[in-house]
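Trainee: File name structure_28.csv; file contents CSV, C-alpha atoms; full text below.
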chain,number,residue,atom,x,y,z
A,1258,LEU,CA,1.3,-11.6,-20.8
A,1259,ARG,CA,-0.3,-10.2,-23.9
A,1260,LYS,CA,-1.8,-6.8,-24.3
A,1261,ASN,CA,-3.3,-4.6,-27.0
A,1262,VAL,CA,-4.0,-1.0,-27.2
A,1263,GLU,CA,-7.5,-0.2,-28.3
A,1264,ASP,CA,-8.1,3.5,-28.7
A,1265,PHE,CA,-7.1,6.7,-27.3
A,1266,THR,CA,-9.5,9.5,-26.6
A,1267,GLY,CA,-9.3,13.3,-26.5
A,1268,PRO,CA,-8.5,15.3,-23.5
A,1269,ARG,CA,-10.9,15.9,-20.7
A,1270,GLU,CA,-10.0,18.8,-18.5
A,1271,ARG,CA,-7.0,19.1,-20.7
A,1272,SER,CA,-5.5,15.8,-19.7
A,1273,ASP,CA,-4.8,12.8,-21.8
A,1274,LEU,CA,-6.9,9.7,-21.2
A,1275,GLY,CA,-5.8,6.4,-22.6
A,1276,PHE,CA,-7.6,3.2,-23.1
A,1277,VAL,CA,-6.0,-0.1,-23.0
A,1278,THR,CA,-7.5,-3.6,-23.3
A,1279,PHE,CA,-5.4,-6.5,-22.3
A,1280,ASP,CA,-5.1,-10.2,-21.8
A,1281,ILE,CA,-3.3,-11.6,-18.8
A,1282,THR,CA,-2.1,-15.1,-18.6
A,1283,ALA,CA,-0.1,-15.7,-15.5
A,1284,ASP,CA,0.9,-18.7,-13.5
A,1285,ILE,CA,1.4,-17.8,-9.9
A,1286,LEU,CA,2.9,-20.9,-8.4
A,1287,ASN,CA,1.2,-22.7,-5.6
A,1288,GLY,CA,3.6,-24.7,-3.6
A,1289,LYS,CA,2.3,-27.3,-1.3
A,1290,ASN,CA,3.1,-30.9,-2.1
A,1291,ASP,CA,5.3,-30.6,-5.1
A,1292,LEU,CA,8.3,-29.2,-3.3
A,1293,GLN,CA,10.7,-31.5,-5.1
A,1294,THR,CA,9.7,-30.5,-8.6
A,1295,PHE,CA,9.7,-26.8,-7.7
A,1296,ARG,CA,13.2,-26.9,-6.3
A,1297,ASN,CA,14.5,-28.6,-9.4
A,1298,LYS,CA,13.0,-26.0,-11.6
A,1299,ASN,CA,14.5,-23.3,-9.4
A,1300,THR,CA,11.2,-21.5,-9.1
A,1301,LEU,CA,9.7,-19.6,-6.3
A,1302,ILE,CA,7.1,-21.0,-4.0
A,1303,ILE,CA,4.7,-18.1,-3.5
A,1304,PHE,CA,1.8,-19.4,-1.6
A,1305,ASP,CA,3.6,-20.8,1.4
A,1306,TRP,CA,2.3,-21.4,4.9
A,1307,ASN,CA,2.6,-17.8,5.9
A,1308,VAL,CA,0.8,-16.2,3.0
A,1309,LYS,CA,-2.8,-15.0,3.6
A,1310,GLN,CA,-3.3,-13.4,0.2
A,1311,LEU,CA,-1.7,-11.7,-2.8
A,1312,PHE,CA,-2.7,-8.3,-4.0
A,1313,LEU,CA,-2.1,-8.3,-7.7
A,1314,TYR,CA,-1.9,-5.1,-9.8
A,1315,LEU,CA,-1.2,-4.3,-13.4
A,1316,SER,CA,0.6,-1.0,-13.7
A,1317,ALA,CA,1.6,1.2,-16.6
A,1318,GLU,CA,4.9,3.0,-16.4
A,1319,TYR,CA,6.0,5.7,-18.7
A,1320,SER,CA,7.7,9.1,-18.9
A,1321,THR,CA,6.5,12.4,-20.3
A,1322,LYS,CA,7.7,15.9,-20.8
A,1323,ASN,CA,6.0,17.0,-17.6
A,1324,ASN,CA,7.0,14.2,-15.4
A,1325,ALA,CA,10.1,12.0,-15.5
A,1326,LEU,CA,8.3,9.0,-14.1
A,1327,ASN,CA,4.6,8.1,-14.1
A,1328,GLN,CA,3.0,5.0,-12.8
A,1329,VAL,CA,-0.7,4.2,-13.0
A,1330,VAL,CA,-2.4,1.1,-11.8
A,1331,LEU,CA,-4.8,0.0,-14.4
A,1332,TRP,CA,-6.2,-3.1,-12.8
A,1333,ASP,CA,-6.0,-5.0,-9.5
A,1334,LYS,CA,-7.2,-8.2,-7.9
A,1335,ILE,CA,-7.1,-9.8,-4.6
A,1336,MET,CA,-6.0,-13.5,-4.8
A,1337,LEU,CA,-6.9,-15.3,-1.6
A,1338,ARG,CA,-5.2,-18.3,-0.3
A,1339,GLY,CA,-6.9,-21.2,-2.0
A,1340,ASP,CA,-8.0,-19.3,-5.1
A,1341,ASN,CA,-6.9,-20.6,-8.5
A,1342,PRO,CA,-3.3,-19.5,-8.9
A,1343,ARG,CA,-3.4,-19.5,-12.7
A,1344,LEU,CA,-4.9,-16.5,-14.3
A,1345,SER,CA,-6.2,-16.5,-17.8
A,1346,LEU,CA,-8.1,-13.2,-18.3
A,1347,LYS,CA,-8.9,-12.1,-21.8
A,1348,ASP,CA,-10.1,-8.8,-23.2
A,1349,MET,CA,-10.0,-7.0,-19.9
A,1350,LYS,CA,-10.6,-3.3,-19.6
A,1351,SER,CA,-8.8,-1.2,-17.1
A,1352,LYS,CA,-10.5,-0.9,-13.8
A,1353,TYR,CA,-9.3,2.7,-13.3
A,1354,PHE,CA,-9.1,5.6,-15.6
A,1355,PHE,CA,-5.8,5.9,-17.2
A,1356,PHE,CA,-5.4,9.7,-16.9
A,1357,ASP,CA,-2.1,11.3,-17.5
A,1358,ASP,CA,-1.1,14.5,-15.6
A,1359,GLY,CA,-1.0,16.5,-18.7
A,1360,ASN,CA,-0.9,15.5,-22.3
A,1361,GLY,CA,1.9,13.0,-22.3
A,1362,LEU,CA,0.1,10.0,-23.7
A,1363,LYS,CA,-0.3,11.2,-27.2
A,1364,GLY,CA,2.5,9.8,-29.4
A,1365,ASN,CA,4.1,8.2,-26.4
A,1366,ARG,CA,5.8,5.1,-27.8
A,1367,ASN,CA,6.9,3.5,-24.7
A,1368,ILE,CA,4.4,2.6,-22.0
A,1369,THR,CA,5.5,-0.5,-20.1
A,1370,LEU,CA,2.9,-2.7,-18.5
A,1371,THR,CA,4.0,-4.9,-15.7
A,1372,LEU,CA,2.2,-7.3,-13.4
A,1373,SER,CA,3.2,-7.1,-9.7
A,1374,TRP,CA,1.9,-8.3,-6.4
A,1375,ASN,CA,2.0,-7.5,-2.8
A,1376,VAL,CA,2.4,-10.6,-0.6
A,1377,VAL,CA,0.3,-10.3,2.5
A,1378,PRO,CA,1.4,-12.7,5.2
A,1379,ASN,CA,-0.5,-14.0,8.2
A,1380,ALA,CA,2.1,-12.0,10.1
A,1381,GLY,CA,5.4,-10.6,9.1
A,1382,ILE,CA,7.0,-8.7,6.3
A,1383,LEU,CA,5.0,-7.2,3.4
A,1384,PRO,CA,7.1,-7.6,0.2
A,1385,LEU,CA,6.3,-6.2,-3.2
A,1386,VAL,CA,7.2,-8.6,-6.0
A,1387,THR,CA,7.3,-7.9,-9.7
A,1388,GLY,CA,6.4,-10.6,-12.1
A,1389,SER,CA,8.8,-11.6,-14.9
A,1390,GLY,CA,7.8,-10.5,-18.3
A,1391,HIS,CA,6.5,-7.1,-19.2
A,1392,VAL,CA,5.1,-5.6,-22.4
A,1393,SER,CA,5.7,-2.3,-24.0
A,1394,VAL,CA,2.7,-0.6,-25.6
A,1395,PRO,CA,2.8,2.5,-27.8
A,1396,PHE,CA,0.0,5.1,-28.0
A,1397,PRO,CA,-1.0,6.6,-31.4
A,1398,ASP,CA,-0.2,10.1,-32.4
A,1399,THR,CA,-3.7,11.3,-32.8
A,1400,TYR,CA,-6.7,11.5,-30.6
A,1401,GLU,CA,-9.9,9.7,-31.2
A,1402,THR,CA,-13.2,11.1,-30.3
A,1403,THR,CA,-14.9,8.1,-29.2
A,1404,LYS,CA,-18.1,6.2,-28.7
A,1405,SER,CA,-18.4,3.3,-26.4
A,1406,TYR,CA,-15.8,1.7,-24.3
B,723,GLN,CA,12.8,2.7,50.0
B,724,LEU,CA,10.2,4.9,48.4
B,725,TYR,CA,13.0,6.8,46.7
B,726,TYR,CA,14.2,3.5,45.2
B,727,GLN,CA,10.8,2.7,43.9
B,728,VAL,CA,10.4,6.1,42.3
B,729,LEU,CA,13.8,5.8,40.7
B,730,ASN,CA,12.9,2.3,39.4
B,731,PHE,CA,9.7,3.5,37.9
B,732,GLY,CA,11.5,6.4,36.3
B,733,MET,CA,14.0,4.0,34.8
B,734,ILE,CA,11.2,1.9,33.2
B,735,VAL,CA,9.5,4.9,31.7
B,736,SER,CA,12.7,6.4,30.3
B,737,SER,CA,13.8,3.1,28.8
B,738,ALA,CA,10.5,2.7,27.1
B,739,LEU,CA,10.8,6.3,25.8
B,740,MET,CA,14.3,5.6,24.5
B,741,ILE,CA,13.3,2.5,22.7
B,742,TRP,CA,10.4,4.4,21.0
B,743,LYS,CA,12.6,7.4,20.1
B,744,GLY,CA,15.3,5.0,18.8
B,745,LEU,CA,12.7,3.3,16.6
B,746,MET,CA,11.6,6.7,15.3
B,747,VAL,CA,15.2,7.4,14.3
B,748,VAL,CA,15.9,4.0,12.7
B,749,THR,CA,12.8,3.9,10.6
B,750,GLY,CA,12.7,7.6,9.9
B,751,SER,CA,9.1,7.8,10.7
B,752,GLU,CA,7.4,9.9,13.4
B,753,SER,CA,5.1,7.0,14.1
B,754,PRO,CA,6.9,3.7,13.4
B,755,ILE,CA,4.1,1.5,14.7
B,756,VAL,CA,0.4,2.2,13.9
B,757,VAL,CA,-2.8,0.5,14.6
B,758,VAL,CA,-5.3,-0.1,11.7
B,759,LEU,CA,-8.5,1.8,12.6
B,760,SER,CA,-10.9,1.0,9.7
B,761,GLY,CA,-11.9,-1.8,7.4
B,762,SER,CA,-10.9,0.0,4.2
B,763,MET,CA,-8.0,-2.4,3.6
B,764,GLU,CA,-9.8,-5.7,4.1
B,765,PRO,CA,-9.2,-8.5,3.6
B,766,ALA,CA,-5.5,-7.7,4.0
B,767,PHE,CA,-5.8,-5.7,7.2
B,768,HIS,CA,-8.5,-5.5,9.8
B,769,ARG,CA,-9.2,-3.1,12.6
B,770,GLY,CA,-6.8,-3.8,15.4
B,771,ASP,CA,-3.9,-5.0,13.2
B,772,LEU,CA,-0.5,-3.5,14.0
B,773,LEU,CA,1.7,-2.1,11.2
B,774,PHE,CA,5.4,-1.5,11.2
B,775,LEU,CA,6.5,1.5,9.1
B,776,THR,CA,9.6,3.0,7.6
B,777,ASN,CA,9.9,6.4,6.1
B,778,ARG,CA,13.3,6.6,4.6
B,779,ILE,CA,13.8,9.4,2.1
B,780,GLU,CA,15.9,7.1,-0.2
B,781,ASP,CA,12.9,4.8,-0.6
B,782,PRO,CA,10.9,6.2,-3.5
B,783,ILE,CA,7.1,6.0,-3.4
B,784,ARG,CA,5.9,3.6,-6.0
B,785,VAL,CA,2.5,2.2,-7.0
B,786,GLY,CA,1.3,-0.8,-5.1
B,787,GLU,CA,2.9,0.3,-1.8
B,788,ILE,CA,0.9,0.6,1.3
B,789,VAL,CA,1.4,4.1,2.8
B,790,VAL,CA,0.2,5.6,6.0
B,791,PHE,CA,-0.6,9.3,5.5
B,792,ARG,CA,-2.3,12.2,7.2
B,793,ILE,CA,-4.5,14.7,5.6
B,794,GLU,CA,-3.6,18.3,6.4
B,795,GLY,CA,-5.5,19.4,9.4
B,796,ARG,CA,-6.6,16.0,10.4
B,797,GLU,CA,-5.0,13.9,13.1
B,798,ILE,CA,-6.0,10.4,12.2
B,799,PRO,CA,-3.6,8.5,10.0
B,800,ILE,CA,-5.0,6.6,7.0
B,801,VAL,CA,-3.6,3.3,5.7
B,802,HIS,CA,-4.2,2.8,1.9
B,803,ARG,CA,-2.4,1.7,-1.2
B,804,VAL,CA,-0.8,4.0,-3.8
B,805,LEU,CA,-2.7,3.9,-7.1
B,806,LYS,CA,-1.0,6.5,-9.3
B,807,ILE,CA,2.3,8.5,-9.1
B,808,HIS,CA,3.6,11.4,-11.2
B,809,GLU,CA,7.2,12.2,-10.4
B,810,LYS,CA,9.3,15.0,-11.7
B,811,GLN,CA,13.0,14.9,-12.7
B,812,ASN,CA,13.9,16.6,-9.4
B,813,GLY,CA,12.2,14.0,-7.3
B,814,ASP,CA,9.0,16.0,-6.5
B,815,ILE,CA,6.2,13.5,-6.5
B,816,LYS,CA,2.5,13.6,-6.3
B,817,PHE,CA,0.4,10.5,-5.8
B,818,LEU,CA,-3.1,9.2,-5.4
B,819,THR,CA,-4.3,6.5,-3.0
B,820,LYS,CA,-7.2,4.1,-2.6
B,821,GLY,CA,-8.3,1.6,0.1
B,822,ASP,CA,-8.4,-1.9,-1.2
B,823,ASN,CA,-11.9,-2.4,0.1
B,824,ASN,CA,-13.2,1.0,-1.1
B,825,ALA,CA,-14.9,1.3,-4.5
B,826,VAL,CA,-13.4,4.7,-5.3
B,827,ASP,CA,-10.0,6.4,-4.8
B,828,ASP,CA,-9.3,8.7,-1.9
B,829,ARG,CA,-9.8,12.1,-3.7
B,830,GLY,CA,-13.0,12.5,-1.7
B,831,LEU,CA,-11.1,12.2,1.5
B,832,TYR,CA,-8.4,14.8,0.7
B,833,LYS,CA,-8.7,18.4,1.7
B,834,GLN,CA,-11.0,20.6,-0.2
B,835,GLY,CA,-9.3,21.4,-3.5
B,836,GLN,CA,-6.5,18.9,-2.9
B,837,HIS,CA,-6.1,16.4,-5.7
B,838,TRP,CA,-2.9,14.7,-4.8
B,839,LEU,CA,-0.8,13.7,-1.8
B,840,GLU,CA,2.8,14.6,-1.4
B,841,LYS,CA,5.8,13.3,0.4
B,842,LYS,CA,5.2,15.6,3.3
B,843,ASP,CA,1.8,13.9,4.0
B,844,VAL,CA,3.4,10.5,4.4
B,845,VAL,CA,3.9,9.1,7.9
B,846,GLY,CA,5.5,5.9,6.5
B,847,ARG,CA,5.4,2.9,4.3
B,848,ALA,CA,4.0,-0.4,5.7
B,849,ARG,CA,6.8,-3.0,5.7
B,850,GLY,CA,5.5,-5.6,8.1
B,851,PHE,CA,2.5,-6.3,10.2
B,852,VAL,CA,1.1,-8.4,13.1
B,853,PRO,CA,-2.6,-9.1,13.3
B,854,TYR,CA,-5.0,-8.4,16.2
B,855,ILE,CA,-2.4,-7.0,18.7
B,856,GLY,CA,-3.5,-3.4,18.3
B,857,ILE,CA,-7.0,-4.2,19.5
B,858,VAL,CA,-5.9,-3.2,23.0
B,859,THR,CA,-5.2,0.3,21.8
B,860,ILE,CA,-8.6,0.6,20.1
B,861,LEU,CA,-10.4,-0.7,23.2
B,862,MET,CA,-8.5,1.8,25.4
B,863,ASN,CA,-9.6,4.6,23.1
B,864,ASP,CA,-13.2,3.6,22.9
B,865,TYR,CA,-13.6,2.8,26.5
B,866,PRO,CA,-11.7,5.2,28.7
B,867,LYS,CA,-12.7,3.3,31.8
B,868,PHE,CA,-10.8,0.3,30.4
B,869,LYS,CA,-7.7,2.6,29.9
B,870,TYR,CA,-7.8,3.8,33.4
B,871,ALA,CA,-8.3,0.2,34.7
B,872,VAL,CA,-5.2,-0.9,32.7
B,873,LEU,CA,-3.1,2.0,33.9
B,874,PHE,CA,-4.2,1.5,37.5
B,875,LEU,CA,-3.4,-2.2,37.3
B,876,LEU,CA,0.0,-1.5,35.8
B,877,GLY,CA,0.8,1.0,38.5
B,878,LEU,CA,-0.3,-1.4,41.1
B,879,PHE,CA,1.8,-4.2,39.7
B,880,VAL,CA,4.9,-2.1,39.6
B,881,LEU,CA,4.5,-1.0,43.2
B,882,VAL,CA,3.6,-4.4,44.6
B,883,HIS,CA,6.4,-6.1,42.7
B,884,ARG,CA,9.0,-3.9,44.3
B,885,GLU,CA,8.1,-4.8,47.9
Will you turn the file into structure tokens for me?
Mentor:
Amino acid sequence: LRKNVEDFTGPRERSDLGFVTFDITADILNGKNDLQTFRNKNTLIIFDWNVKQLFLYLSAEYSTKNNALNQVVLWDKIMLRGDNPRLSLKDMKSKYFFFDDGNGLKGNRNITLTLSWNVVPNAGILPLVTGSGHVSVPFPDTYETTKSY
Amino acid sequence: QLYYQVLNFGMIVSSALMIWKGLMVVTGSESPIVVVLSGSMEPAFHRGDLLFLTNRIEDPIRVGEIVVFRIEGREIPIVHRVLKIHEKQNGDIKFLTKGDNNAVDDRGLYKQGQHWLEKKDVVGRARGFVPYIGIVTILMNDYPKFKYAVLFLLGLFVLVHRE
């Protein structure tokens, strides 16, 4: 997973708004025939017979003076059974506005971006799984009054 | 004979009640099983699907989770996903939700002036589900005649069975 911070604009309604552009390369395994190989590599078979779809989301987690824990979903996608399990998205913009509750994004050095997904079965338990690999992203100390996004 | 039948019926009703109340205690939710009423979470859930909830206080609310909540003053529970959370050191949390199939988040649904949901609005977290089964409840709600017919048949069945 590779991500870059682009710019960071001034407060609207007195809250910080952050902009992040990112690339996502993910390989969500599709287990059907190659059972043997997957077992040897000790990896998870995610799209098994009881999986209807995966709800993927990229979330940013960070802490600020106002709030000990903040989590914001920046982007999400529904991956249906049969869709290509390998994602290779480049230069994606966040789907949802990355507003903080307050002014905690300015100068915040440690925003962790993680990709997770909700497994939706045909029937049964609904687990939330976090992908391995996450990236830390810092925000700059100054605001930018900005143009286009 | 009639006395026996009445007792039997009473036993069935009270057992059902005990199981329901027991489920409420174990899951910590006032409504451990709910039926999905709208298409706002498609294609994951459709109208008529049954959801199993838990509402344990130790489980923190995190983004990506599917929560069932009530808006103050409204009876109907809504099933959507958590989009944003802001949690304070002491555990106070406020969060925003959105239906997977909706283009915008739920702020428009909340009460006038309300921007966030809090723990008290939550009925439970969806942990498991079974499709289609809840259609019966929706049918019974939309077509009262159907509900009476079902109850009547059930009553008849219990009585006849005891003969």
Trainee: For a quick check of understanding, using only C-alpha atoms, which of B:Ser737, B:Ser753, B:Asn777, B:Thr859 has the smallest distance to Pro799 of chain B?
Mentor: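 That would be B:Ser753, the residue with the smallest distance to Pro799 of chain B.
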Trainee: Within 7 Å of Phe1312 of chain A, counting all atoms listed in the file, which residues show up once you throw out same-chain ones fewer than 2 positions away? Write them as a ChimeraX atom specification, please.
Mentor: /A:1310,1314,1334-1336,1374-1376
Trainee: Would you write out, as CSV, a table of all residues in chain A that have an atom no more than 12 Å from an atom of chain B, listing for each the closest atom pair and the distance in Å to one decimal, considering only C-alpha atoms and ordering rows by chain and rising residue number?
Mentor:
residue,atom,partner,partner_atom,distance
A:Asn1307,CA,B:Val852,CA,11.9
A:Val1308,CA,B:Ala766,CA,10.6
A:Lys1309,CA,B:Ala766,CA,7.8
A:Gln1310,CA,B:Ala766,CA,7.2
A:Leu1311,CA,B:Ala766,CA,8.8
A:Phe1312,CA,B:Ala766,CA,8.5
A:Leu1313,CA,B:Gly786,CA,8.6
A:Tyr1314,CA,B:Gly786,CA,7.1
A:Leu1315,CA,B:Gly786,CA,9.3
A:Ser1316,CA,B:Val785,CA,7.7
A:Ala1317,CA,B:Lys806,CA,9.4
A:Glu1318,CA,B:Ile807,CA,9.5
A:Tyr1319,CA,B:His808,CA,9.7
A:Ser1320,CA,B:His808,CA,9.0
A:Thr1321,CA,B:Lys810,CA,9.4
A:Lys1322,CA,B:Lys810,CA,9.3
A:Asn1323,CA,B:Lys810,CA,7.0
A:Asn1324,CA,B:Lys810,CA,4.4
A:Ala1325,CA,B:Lys810,CA,4.9
A:Leu1326,CA,B:Glu809,CA,5.0
A:Asn1327,CA,B:His808,CA,4.5
A:Gln1328,CA,B:Ile807,CA,5.1
A:Val1329,CA,B:Lys806,CA,4.4
A:Val1330,CA,B:Leu805,CA,5.5
A:Leu1331,CA,B:Leu805,CA,8.5
A:Trp1332,CA,B:Leu805,CA,9.7
A:Asp1333,CA,B:Asp822,CA,9.2
A:Lys1334,CA,B:Asp822,CA,9.3
A:Ile1335,CA,B:Pro765,CA,8.6
A:Met1336,CA,B:Pro765,CA,10.3
A:Leu1337,CA,B:Pro765,CA,8.9
A:Arg1338,CA,B:Pro765,CA,11.3
A:Lys1352,CA,B:Ala825,CA,10.5
A:Tyr1353,CA,B:Leu805,CA,9.1
A:Phe1354,CA,B:Lys806,CA,10.3
A:Phe1355,CA,B:Lys806,CA,9.3
A:Phe1356,CA,B:Lys806,CA,9.3
A:Asp1357,CA,B:His808,CA,8.5
A:Asp1358,CA,B:His808,CA,7.1
A:Gly1359,CA,B:His808,CA,10.2
A:Gly1361,CA,B:His808,CA,11.3
A:Thr1371,CA,B:Val785,CA,11.3
A:Leu1372,CA,B:Gly786,CA,10.6
A:Ser1373,CA,B:Gly786,CA,8.0
A:Trp1374,CA,B:Gly786,CA,7.6
A:Asn1375,CA,B:Gly786,CA,7.1
A:Val1376,CA,B:Ala766,CA,9.6
A:Val1377,CA,B:Ala766,CA,6.5
A:Pro1378,CA,B:Phe851,CA,8.2
A:Asn1379,CA,B:Pro853,CA,7.4
A:Ala1380,CA,B:Val852,CA,4.8
A:Gly1381,CA,B:Gly850,CA,5.1
A:Ile1382,CA,B:Gly850,CA,3.9
A:Leu1383,CA,B:Gly850,CA,5.0
A:Pro1384,CA,B:Arg849,CA,7.2
A:Leu1385,CA,B:Glu787,CA,7.5
A:Val1386,CA,B:Gly786,CA,9.8
A:Thr1387,CA,B:Gly786,CA,10.4
Trainee: At what distance in Å, to one decimal, does atom CA of Val756 of chain B lie from atom CA of Ile798 of chain B?
Mentor: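 Distance reported for this atom pair: 10.5 Å.
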Trainee: Using atom CA of Ile1368 of chain A and atom CA of Arg803 of chain B as the two end points, give the distance in Å to one decimal.
Mentor: 21.9 Å
Trainee: Nearest to Leu831 of chain B: which of B:Val801, B:Ile855, B:Ile793, B:Val747 is it, counting all atoms listed in the file?
Mentor: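 Using all atoms listed in the file, Leu831 of chain B sits closest to B:Ile793.
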Trainee: Measure the distance from atom CA of Lys841 of chain B to atom CA of Tyr854 of chain B in Å and round it to one decimal.
Mentor: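 Separating atom CA of Lys841 of chain B from atom CA of Tyr854 of chain B is a distance of 28.9 Å.
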Trainee: Taking 3 positions as the minimum chain separation for residues in the same chain, which residues sit within 10 Å of Tyr832 of chain B when counting all atoms listed in the file? Answer as a ChimeraX atom specification.
Mentor: /B:792-794,796,818-819,828-829,835-839
